$ cat target_20.txt   # compact mmCIF, C-alpha atoms and all ligand atoms
# COMPACT_ATOMS: atom_id res chain seq x y z
CA MET R 1 18.80 -38.51 -20.42
CA ARG R 2 17.59 -40.87 -23.11
CA ILE R 3 15.50 -42.72 -20.56
CA ARG R 4 13.89 -39.48 -19.46
CA ASN R 5 12.97 -38.59 -23.04
CA GLN R 6 11.49 -42.00 -23.69
CA ARG R 7 9.39 -41.73 -20.58
CA LEU R 8 8.09 -38.37 -21.68
CA ASP R 9 7.20 -39.43 -25.21
CA CYS R 10 3.89 -40.91 -24.14
CA LEU R 11 2.97 -37.86 -22.11
CA ILE R 12 3.29 -35.07 -24.62
CA GLY R 13 0.03 -33.25 -25.13
CA SER R 14 0.12 -33.07 -28.90
CA ASN R 15 -2.40 -30.28 -29.39
CA MET R 16 -0.13 -27.57 -28.08
CA LYS R 17 0.29 -24.69 -30.50
CA TYR R 18 1.74 -22.26 -27.97
CA ILE R 19 3.65 -22.68 -24.79
CA ASP R 20 3.98 -20.41 -21.80
CA ILE R 21 7.22 -21.65 -20.29
CA HIS R 22 6.77 -19.77 -17.01
CA SER R 23 3.48 -19.61 -15.12
CA HIS R 24 2.44 -19.73 -11.49
CA LEU R 25 -0.82 -21.65 -11.72
CA ASN R 26 0.37 -23.13 -8.43
CA PHE R 27 -0.26 -19.81 -6.63
CA ASP R 28 -3.33 -19.35 -4.43
CA ILE R 29 -4.78 -16.69 -6.75
CA TYR R 30 -5.82 -19.49 -9.18
CA GLN R 31 -7.13 -22.00 -6.70
CA GLY R 32 -10.75 -20.82 -6.93
CA ASP R 33 -11.10 -21.27 -10.69
CA LEU R 34 -8.12 -23.30 -11.87
CA ASP R 35 -10.34 -25.69 -13.85
CA PHE R 36 -11.65 -22.80 -15.94
CA VAL R 37 -8.16 -21.43 -16.53
CA LEU R 38 -7.02 -24.87 -17.70
CA GLU R 39 -10.10 -25.29 -19.89
CA ASP R 40 -9.41 -21.94 -21.59
CA MET R 41 -5.82 -23.01 -22.19
CA LYS R 42 -7.00 -26.20 -23.83
CA ASP R 43 -9.35 -24.22 -26.10
CA ALA R 44 -6.51 -21.87 -27.03
CA GLU R 45 -4.09 -24.82 -27.50
CA VAL R 46 -1.71 -23.35 -24.94
CA GLY R 47 0.54 -25.52 -22.79
CA SER R 48 2.58 -24.33 -19.83
CA ILE R 49 5.41 -24.99 -17.45
CA VAL R 50 4.30 -24.30 -13.88
CA VAL R 51 7.16 -22.93 -11.83
CA GLY R 52 7.86 -23.54 -8.15
CA VAL R 53 9.36 -20.88 -5.90
CA SER R 54 9.48 -22.93 -2.66
CA ALA R 55 8.89 -26.46 -1.36
CA LYS R 56 5.13 -25.93 -1.09
CA THR R 57 4.64 -24.30 -4.49
CA SER R 58 6.98 -26.79 -6.17
CA LYS R 59 4.91 -29.68 -4.81
CA ARG R 60 1.73 -27.99 -6.04
CA ALA R 61 3.27 -27.41 -9.49
CA VAL R 62 3.94 -31.14 -9.78
CA GLU R 63 0.35 -31.98 -8.79
CA ILE R 64 -1.08 -29.68 -11.47
CA ALA R 65 1.31 -31.06 -14.09
CA GLU R 66 0.42 -34.64 -13.26
CA GLU R 67 -3.29 -33.97 -13.57
CA ASN R 68 -3.14 -32.22 -16.95
CA ASP R 69 -1.82 -32.82 -20.46
CA SER R 70 0.48 -30.15 -21.90
CA ILE R 71 1.37 -28.97 -18.39
CA TYR R 72 4.84 -29.54 -16.96
CA ALA R 73 6.60 -28.49 -13.77
CA VAL R 74 9.95 -27.11 -12.72
CA VAL R 75 10.87 -27.11 -9.05
CA GLY R 76 13.18 -25.13 -6.84
CA ILE R 77 13.69 -22.28 -4.39
CA HIS R 78 13.35 -18.72 -5.77
CA PRO R 79 16.15 -16.50 -4.41
CA VAL R 80 13.74 -14.22 -2.54
CA TYR R 81 12.24 -17.29 -0.80
CA VAL R 82 15.65 -18.33 0.52
CA ASP R 83 14.81 -16.14 3.51
CA GLU R 84 12.09 -18.65 4.48
CA GLU R 85 13.68 -21.80 3.07
CA VAL R 86 17.27 -21.22 4.01
CA ASN R 87 18.46 -24.78 3.34
CA PHE R 88 18.02 -26.67 0.09
CA ASP R 89 16.45 -30.01 1.03
CA ARG R 90 18.03 -32.13 -1.66
CA GLU R 91 16.18 -35.28 -0.71
CA PHE R 92 12.78 -33.57 -0.94
CA TYR R 93 13.53 -31.98 -4.31
CA GLN R 94 14.96 -35.27 -5.57
CA SER R 95 11.62 -36.91 -4.81
CA LEU R 96 10.00 -34.24 -7.04
CA VAL R 97 12.40 -34.37 -9.98
CA ASP R 98 12.03 -38.14 -10.05
CA ARG R 99 8.43 -37.58 -11.22
CA LYS R 100 8.17 -37.73 -14.99
CA LYS R 101 6.33 -34.41 -15.53
CA VAL R 102 9.11 -32.49 -13.76
CA ILE R 103 11.35 -31.25 -16.54
CA GLY R 104 13.72 -28.79 -14.90
CA VAL R 105 15.00 -26.91 -11.86
CA GLY R 106 13.73 -23.39 -11.22
CA GLU R 107 13.11 -20.72 -10.64
CA ILE R 108 16.51 -20.32 -9.07
CA GLY R 109 19.09 -17.55 -9.16
CA LEU R 110 19.98 -14.31 -7.44
CA ASP R 111 17.80 -11.30 -6.67
CA PHE R 112 19.51 -8.29 -5.14
CA PHE R 113 16.72 -5.84 -6.00
CA ARG R 114 15.37 -5.41 -2.48
CA LEU R 115 18.03 -5.82 0.14
CA PRO R 116 17.35 -5.98 3.89
CA GLU R 117 18.41 -3.01 6.01
CA ASP R 118 20.58 -5.25 8.17
CA GLY R 119 22.61 -8.29 7.29
CA VAL R 120 23.04 -7.67 3.56
CA GLY R 121 26.17 -9.81 3.51
CA GLU R 122 24.46 -12.81 5.02
CA TYR R 123 21.35 -12.32 2.84
CA LYS R 124 23.45 -12.43 -0.32
CA GLU R 125 25.60 -15.30 0.93
CA ASN R 126 22.52 -17.43 1.64
CA GLN R 127 21.12 -16.76 -1.83
CA ILE R 128 24.45 -17.63 -3.44
CA ARG R 129 24.83 -20.85 -1.42
CA VAL R 130 21.29 -22.08 -2.15
CA PHE R 131 21.64 -21.11 -5.83
CA ARG R 132 24.90 -23.00 -6.17
CA GLU R 133 23.44 -26.09 -4.48
CA GLN R 134 20.52 -26.05 -6.90
CA VAL R 135 22.74 -25.58 -9.97
CA GLU R 136 24.72 -28.64 -8.87
CA PHE R 137 21.48 -30.51 -8.23
CA ALA R 138 20.27 -29.72 -11.76
CA ARG R 139 23.61 -30.74 -13.23
CA ASP R 140 23.62 -34.03 -11.31
CA ASN R 141 20.10 -34.78 -12.57
CA ASN R 142 20.89 -33.62 -16.10
CA LEU R 143 18.01 -31.13 -16.03
CA PRO R 144 17.67 -27.67 -17.61
CA ILE R 145 17.65 -24.62 -15.35
CA MET R 146 15.17 -21.72 -15.19
CA ILE R 147 16.99 -18.64 -13.91
CA HIS R 148 15.39 -15.78 -12.01
CA CYS R 149 17.81 -12.87 -11.92
CA ARG R 150 17.36 -9.29 -10.79
CA GLU R 151 20.11 -6.75 -10.21
CA ALA R 152 22.61 -9.60 -10.20
CA TYR R 153 23.41 -10.62 -13.78
CA ARG R 154 27.17 -10.39 -13.29
CA GLU R 155 27.15 -12.49 -10.11
CA THR R 156 24.76 -15.05 -11.61
CA LEU R 157 26.80 -15.53 -14.77
CA ASP R 158 30.05 -15.82 -12.81
CA ILE R 159 28.58 -18.75 -10.86
CA LEU R 160 27.10 -20.45 -13.95
CA ARG R 161 30.42 -20.12 -15.76
CA GLU R 162 32.02 -22.40 -13.17
CA TYR R 163 30.01 -25.32 -14.55
CA GLU R 164 30.20 -26.86 -17.99
CA ASP R 165 27.40 -28.03 -20.24
CA LEU R 166 24.48 -26.54 -18.33
CA SER R 167 21.19 -25.89 -20.14
CA VAL R 168 20.07 -22.48 -18.92
CA ASP R 169 17.17 -20.14 -19.64
CA PHE R 170 17.14 -16.60 -18.28
CA HIS R 171 13.46 -16.12 -17.52
CA PHE R 172 11.98 -12.57 -17.82
CA PHE R 173 15.23 -11.37 -19.36
CA ALA R 174 15.85 -7.73 -18.51
CA GLY R 175 19.59 -7.34 -18.87
CA ASP R 176 21.47 -5.18 -21.36
CA ARG R 177 23.02 -6.00 -24.74
CA GLU R 178 26.36 -6.95 -23.25
CA ILE R 179 24.79 -9.42 -20.83
CA LEU R 180 22.64 -10.80 -23.65
CA GLU R 181 25.72 -11.42 -25.80
CA GLU R 182 27.42 -13.22 -22.93
CA ILE R 183 24.34 -15.39 -22.28
CA LEU R 184 24.14 -16.31 -25.97
CA SER R 185 27.86 -17.03 -26.20
CA LEU R 186 27.48 -19.55 -23.39
CA GLY R 187 24.76 -21.33 -25.39
CA TYR R 188 21.99 -20.26 -23.03
CA TYR R 189 18.44 -19.11 -23.88
CA VAL R 190 16.37 -16.07 -22.90
CA SER R 191 12.61 -15.78 -22.49
CA PHE R 192 10.32 -12.75 -22.50
CA THR R 193 7.02 -11.89 -20.83
CA GLY R 194 4.05 -9.63 -21.58
CA VAL R 195 6.09 -6.54 -20.69
CA ILE R 196 7.23 -6.51 -24.31
CA THR R 197 3.66 -5.63 -25.31
CA PHE R 198 3.60 -2.36 -23.39
CA THR R 199 7.15 -1.07 -23.60
CA LYS R 200 9.60 -0.88 -26.47
CA ASP R 201 12.53 -1.36 -24.07
CA TYR R 202 12.94 -5.00 -25.10
CA ASP R 203 12.66 -4.62 -28.87
CA GLU R 204 16.39 -4.27 -29.47
CA LEU R 205 17.19 -7.28 -27.27
CA ILE R 206 14.66 -9.42 -29.13
CA GLU R 207 15.95 -8.24 -32.51
CA ASN R 208 19.41 -9.33 -31.44
CA THR R 209 18.46 -12.76 -30.10
CA PRO R 210 18.68 -15.55 -32.69
CA ASP R 211 15.30 -17.06 -33.58
CA ASP R 212 16.25 -20.40 -32.07
CA ARG R 213 17.35 -19.10 -28.66
CA ILE R 214 14.24 -17.29 -27.51
CA MET R 215 11.15 -18.54 -25.65
CA SER R 216 7.72 -17.17 -24.74
CA GLU R 217 6.27 -16.89 -21.25
CA THR R 218 3.71 -14.98 -19.18
CA ASP R 219 5.08 -15.13 -15.58
CA CYS R 220 1.38 -15.01 -14.67
CA PRO R 221 -0.25 -13.77 -12.47
CA TYR R 222 2.20 -10.87 -13.03
CA VAL R 223 2.71 -8.55 -16.04
CA THR R 224 -0.51 -9.06 -18.02
CA PRO R 225 0.06 -8.20 -21.71
CA VAL R 226 -1.81 -5.65 -23.79
CA PRO R 227 -4.79 -5.72 -24.51
CA HIS R 228 -5.64 -7.42 -21.21
CA ARG R 229 -3.98 -4.95 -18.82
CA GLY R 230 -5.96 -4.75 -15.59
CA GLU R 231 -7.06 -8.39 -15.78
CA ARG R 232 -5.38 -11.25 -13.91
CA ASN R 233 -2.75 -12.70 -16.21
CA GLU R 234 -3.15 -16.30 -17.43
CA PRO R 235 -1.11 -18.66 -19.64
CA LYS R 236 -3.60 -18.27 -22.52
CA PHE R 237 -2.41 -14.68 -22.93
CA VAL R 238 1.00 -15.97 -24.05
CA THR R 239 -0.43 -15.65 -27.56
CA GLU R 240 0.03 -11.87 -27.20
CA VAL R 241 3.70 -12.33 -26.28
CA VAL R 242 4.19 -14.65 -29.26
CA LYS R 243 2.46 -12.12 -31.52
CA ARG R 244 4.67 -9.28 -30.30
CA ILE R 245 7.89 -11.28 -30.74
CA GLY R 246 6.69 -11.98 -34.29
CA GLU R 247 6.07 -8.28 -34.93
CA ILE R 248 9.55 -7.38 -33.71
CA LYS R 249 11.13 -10.16 -35.77
CA GLY R 250 8.99 -9.30 -38.80
CA LYS R 251 7.62 -12.83 -39.23
CA ASN R 252 5.32 -15.36 -37.60
CA MET R 253 7.27 -16.92 -34.72
CA SER R 254 4.67 -19.24 -33.19
CA SER R 255 5.94 -22.61 -34.41
CA GLN R 256 9.57 -21.58 -33.87
CA LEU R 257 8.87 -20.56 -30.26
CA LEU R 258 7.08 -23.84 -29.57
CA GLN R 259 9.93 -25.80 -31.13
CA ASN R 260 12.51 -23.88 -29.08
CA ALA R 261 10.70 -24.79 -25.87
CA LYS R 262 10.46 -28.44 -26.92
CA ASP R 263 14.17 -28.54 -27.72
CA PHE R 264 15.26 -26.75 -24.59
CA TRP R 265 12.99 -28.49 -22.09
CA ARG R 266 13.19 -31.85 -23.90
CA ILE R 267 9.43 -32.28 -24.09
ZN ZN R 301 8.11 -16.58 -11.73
$ encode --input "target_20.txt" --output "structure tokens" --more "lines below"
Ligand SMILES: [Zn+2]
Amino acid sequence: MRIRNQRLDCLIGSNMKYIDIHSHLNFDIYQGDLDFVLEDMKDAEVGSIVVGVSAKTSKRAVEIAEENDSIYAVVGIHPVYVDEEVNFDREFYQSLVDRKKVIGVGEIGLDFFRLPEDGVGEYKENQIRVFREQVEFARDNNLPIMIHCREAYRETLDILREYEDLSVDFHFFAGDREILEEILSLGYYVSFTGVITFTKDYDELIENTPDDRIMSETDCPYVTPVPHRGERNEPKFVTEVVKRIGEIKGKNMSSQLLQNAKDFWRI
């Protein structure tokens, strides 16, 4: 791990004031004007972690990270994409995590929100198998994990509990207080998106998350925060998420949120 940190030292874009730890700049929706999006981020002093959901998007995330300061990548198979990428190609993903701008494995996890009409058992089993393989892959590479979880918090936590000393962030956290307490007791982190700017549903969760265990993200192009609703979401709008977390906490949280991301992702 020490070697990894040393390698990264020279790469850190030092003019980051904010970080969006979960963006999909690797998606096609940005390919027409990615340079402008990145330029705006630079002006706003916003860095980001670009998140893979499949082999193709993971590879693209690494390319974007390698071409830009203050941009990093995490790679992996999103549970919903297991349908198309039913086997975790360890050798391929190893070739990605060996690149120095790749700082974690994700987004991985379980998503039982939309189940197929037939073959539910097999659908879930495949997700669980690929998730477990990727957790072990992250552990073996000593990398933090970005969790995607929907309608499956219990199942996800039961799997994670089988392993010791994992670094885990629950991206787009939308569980209840009990699940939050369990996540925190395991030493894990949670991160929140722009949804917190247009619903009060998350206020209590944020109030009850210690300042040093929370991170900011956009999950762009999804869930654009207020006051930009209706526009395509971009990492620069993470400032609205940071602002809202600060309002809920009753203090400015921007440097704390940046520090949390640096600590967690070792950047
Ligand atoms: Zn995502």
$ residues_near_ligand --input "target_20.txt" --ligand "ligand ZN 301 (chain R)" --cutoff "7 Å" --atoms "only C-alpha atoms and all ligand atoms" --output "PDB file with C-alpha atoms, in the frame of the given file"
ATOM      1  CA  HIS R  22       6.770 -19.770 -17.010  1.00  0.00           C
ATOM      2  CA  SER R  23       3.480 -19.610 -15.120  1.00  0.00           C
ATOM      3  CA  HIS R  24       2.440 -19.730 -11.490  1.00  0.00           C
ATOM      4  CA  VAL R  51       7.160 -22.930 -11.830  1.00  0.00           C
ATOM      5  CA  GLU R 107      13.110 -20.720 -10.640  1.00  0.00           C
ATOM      6  CA  ASP R 219       5.080 -15.130 -15.580  1.00  0.00           C
TER       7      ASP R 219
END
$ atom_distance --input "target_20.txt" --atom1 "atom CA of R:Arg99" --atom2 "atom CA of R:Glu66"
8.8 Å
$ closest_atom_pairs --input "target_20.txt" --of "stretch 152-222 of chain R" --to "stretch 258-265 of chain R" --cutoff "8 Å" --atoms "only C-alpha atoms" --output "tab-separated table"
residue	atom	partner	partner_atom	distance
R:Ser167	CA	R:Phe264	CA	7.5
R:Asp212	CA	R:Asn260	CA	5.9
R:Arg213	CA	R:Asn260	CA	6.8
R:Ile214	CA	R:Asn260	CA	7.0
R:Met215	CA	R:Ala261	CA	6.3
$ closest_residue --input "target_20.txt" --among "R:Asp118, R:Phe131, R:Ser58, R:Ser70" --to "R:Val86" --atoms "all atoms listed in the file"
R:Phe131
$ residues_around --input "target_20.txt" --residues "R:Ser54" --least-positions-apart "4" --cutoff "12 Å" --atoms "all atoms listed in the file" --output "count of residues only"
30
$ atom_distance --input "target_20.txt" --atom1 "atom CA of R:Leu38" --atom2 "atom CA of R:Val50"
12.0 Å
$ closest_residue --input "target_20.txt" --among "R:Ala138, R:Leu110, R:Ile183, R:Val102" --to "R:Glu125" --atoms "all atoms listed in the file"
R:Leu110
$ closest_residue --input "target_20.txt" --among "R:Arg129, R:Arg177, R:His171, R:Arg229" --to "R:Arg150" --atoms "only C-alpha atoms"
R:His171
$ atom_distance --input "target_20.txt" --atom1 "atom CA of R:Thr197" --atom2 "atom CA of R:Glu240"
7.5 Å
$ closest_residue --input "target_20.txt" --among "R:Arg154, R:Arg90, R:Lys243, R:Lys42" --to "R:Asn141" --atoms "all atoms listed in the file"
R:Arg90
$ residues_around --input "target_20.txt" --residues "R:Tyr222" --least-positions-apart "3" --cutoff "8 Å" --atoms "only C-alpha atoms" --output "PyMOL selection string"
chain R and resi 218-219+232-233
$ closest_residue --input "target_20.txt" --among "R:Ile179, R:Val97, R:Ile159, R:Ala174" --to "R:Asp140" --atoms "all atoms listed in the file"
R:Val97
